[in-house]
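Undergrad: Have a look at the structure that comes next, please.
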Amino acid sequence: MKDCPHCEYRGRPRLQPAWLLWLALLVWLVPLGFLTAGFWPFLLLPSIAISAWALMAVRPVCPQCGRRWKVSAPPGA
């Protein structure tokens, strides 16, 4: 079990998606719109890149106080 450094909560952190998740979903509408119109889906690579960025931006937060969960270095490091 890990402790929250802010409120001393013991347990697992909650994962909070960043606002980029909503941006990624909106950006995916453009290539899907082109695909339904019968065209090659333009802007497919930027959609993939923004989706990967949104997945990497997910951060752990404390379920009790809502502050960012900081991972402390192991002792002796």
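Ordered as shown in the structure tokens, chains take letters A, B, and onward, while each chain numbers its residues from 1 and ligands are numbered from 1 in the order shown.
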Which residues come within 9 Å of Leu21 (chain A), counting only C-alpha atoms, excluding same-chain residues fewer than 3 positions away, as a list in words?
TA: Pro17, Ala18, Ala24, Leu25, Leu26, Ile50, Ser51, Trp53, Ala54, Leu55, Ala57 and Val58 of chain A
Undergrad: Considering only C-alpha atoms, return as a CSV table (one decimal) with C-alpha atoms, in the first residue's frame whatever protein or nucleic-acid residues lie within 10 Å of Arg68 (chain A), sequence-local ones (same chain, fewer than 2 positions apart) excluded.
TA:
```csv
chain,number,residue,atom,x,y,z
A,4,CYS,CA,-0.6,10.0,-0.2
A,5,PRO,CA,2.1,12.5,0.8
A,6,HIS,CA,-0.6,15.2,1.3
A,13,PRO,CA,-4.5,6.2,-6.4
A,14,ARG,CA,-7.3,6.9,-8.8
A,15,LEU,CA,-6.4,7.6,-12.5
A,16,GLN,CA,-7.5,10.9,-13.8
A,59,ARG,CA,-2.1,10.9,-14.0
A,60,PRO,CA,-2.7,9.3,-10.6
A,61,VAL,CA,-4.6,11.4,-8.0
A,62,CYS,CA,-5.5,10.7,-4.4
A,63,PRO,CA,-9.2,9.7,-4.1
A,65,CYS,CA,-8.0,14.9,-1.3
A,66,GLY,CA,-7.9,15.0,-5.1
A,70,LYS,CA,3.6,11.9,-6.1
A,71,VAL,CA,5.8,8.8,-6.3
```
Undergrad: Kindly indicate which residue among A:Pro31, A:Trp19, A:Lys2, A:Arg67 lies nearest to Ile48 (chain A), using only C-alpha atoms for the distances.
TA: A:Pro31
Undergrad: Where does DSSP see helix (DSSP H, G or I) in region 8-43 of chain A, if you list the residues as a list of chain:residue names?
TA: A:Leu20, A:Leu21, A:Trp22, A:Leu23, A:Ala24, A:Leu25, A:Leu26, A:Val27, A:Trp28, A:Leu29, A:Val30, A:Pro31, A:Leu32, A:Gly33, A:Phe34, A:Leu35, A:Thr36
Undergrad: Check the DSSP output for the backbone and give back, as an MDAnalysis selection string, the residues of chain A in strand (DSSP E or B).
TA: chainID A and resid 2:3 10:11 14:16 59:61 68
Undergrad: Take the selection from the previous step and output its residues with C-alpha atoms, as a PDB file, in the first residue's frame.
TA:
```pdb
ATOM      1  CA  LYS A   2       1.126   3.499  -0.763  1.00  0.00           C
ATOM      2  CA  ASP A   3       0.484   6.652   1.216  1.00  0.00           C
ATOM      3  CA  ARG A  10      -3.504   4.639   2.421  1.00  0.00           C
ATOM      4  CA  GLY A  11      -4.635   2.814  -0.663  1.00  0.00           C
ATOM      5  CA  ARG A  14      -7.317   6.933  -8.822  1.00  0.00           C
ATOM      6  CA  LEU A  15      -6.381   7.553 -12.465  1.00  0.00           C
ATOM      7  CA  GLN A  16      -7.538  10.907 -13.810  1.00  0.00           C
ATOM      8  CA  ARG A  59      -2.064  10.852 -13.991  1.00  0.00           C
ATOM      9  CA  PRO A  60      -2.705   9.269 -10.606  1.00  0.00           C
ATOM     10  CA  VAL A  61      -4.558  11.364  -8.025  1.00  0.00           C
ATOM     11  CA  ARG A  68      -1.659  14.619  -7.592  1.00  0.00           C
TER      12      ARG A  68
END
```
Undergrad: Of the candidates A:Trp69, A:Trp28, A:Gln64, A:Gly33, which shows the shortest atom-to-atom distance to Leu45 (chain A), using only C-alpha atoms?
TA: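 That would be A:Trp28, the residue with the smallest distance to Leu45 (chain A).
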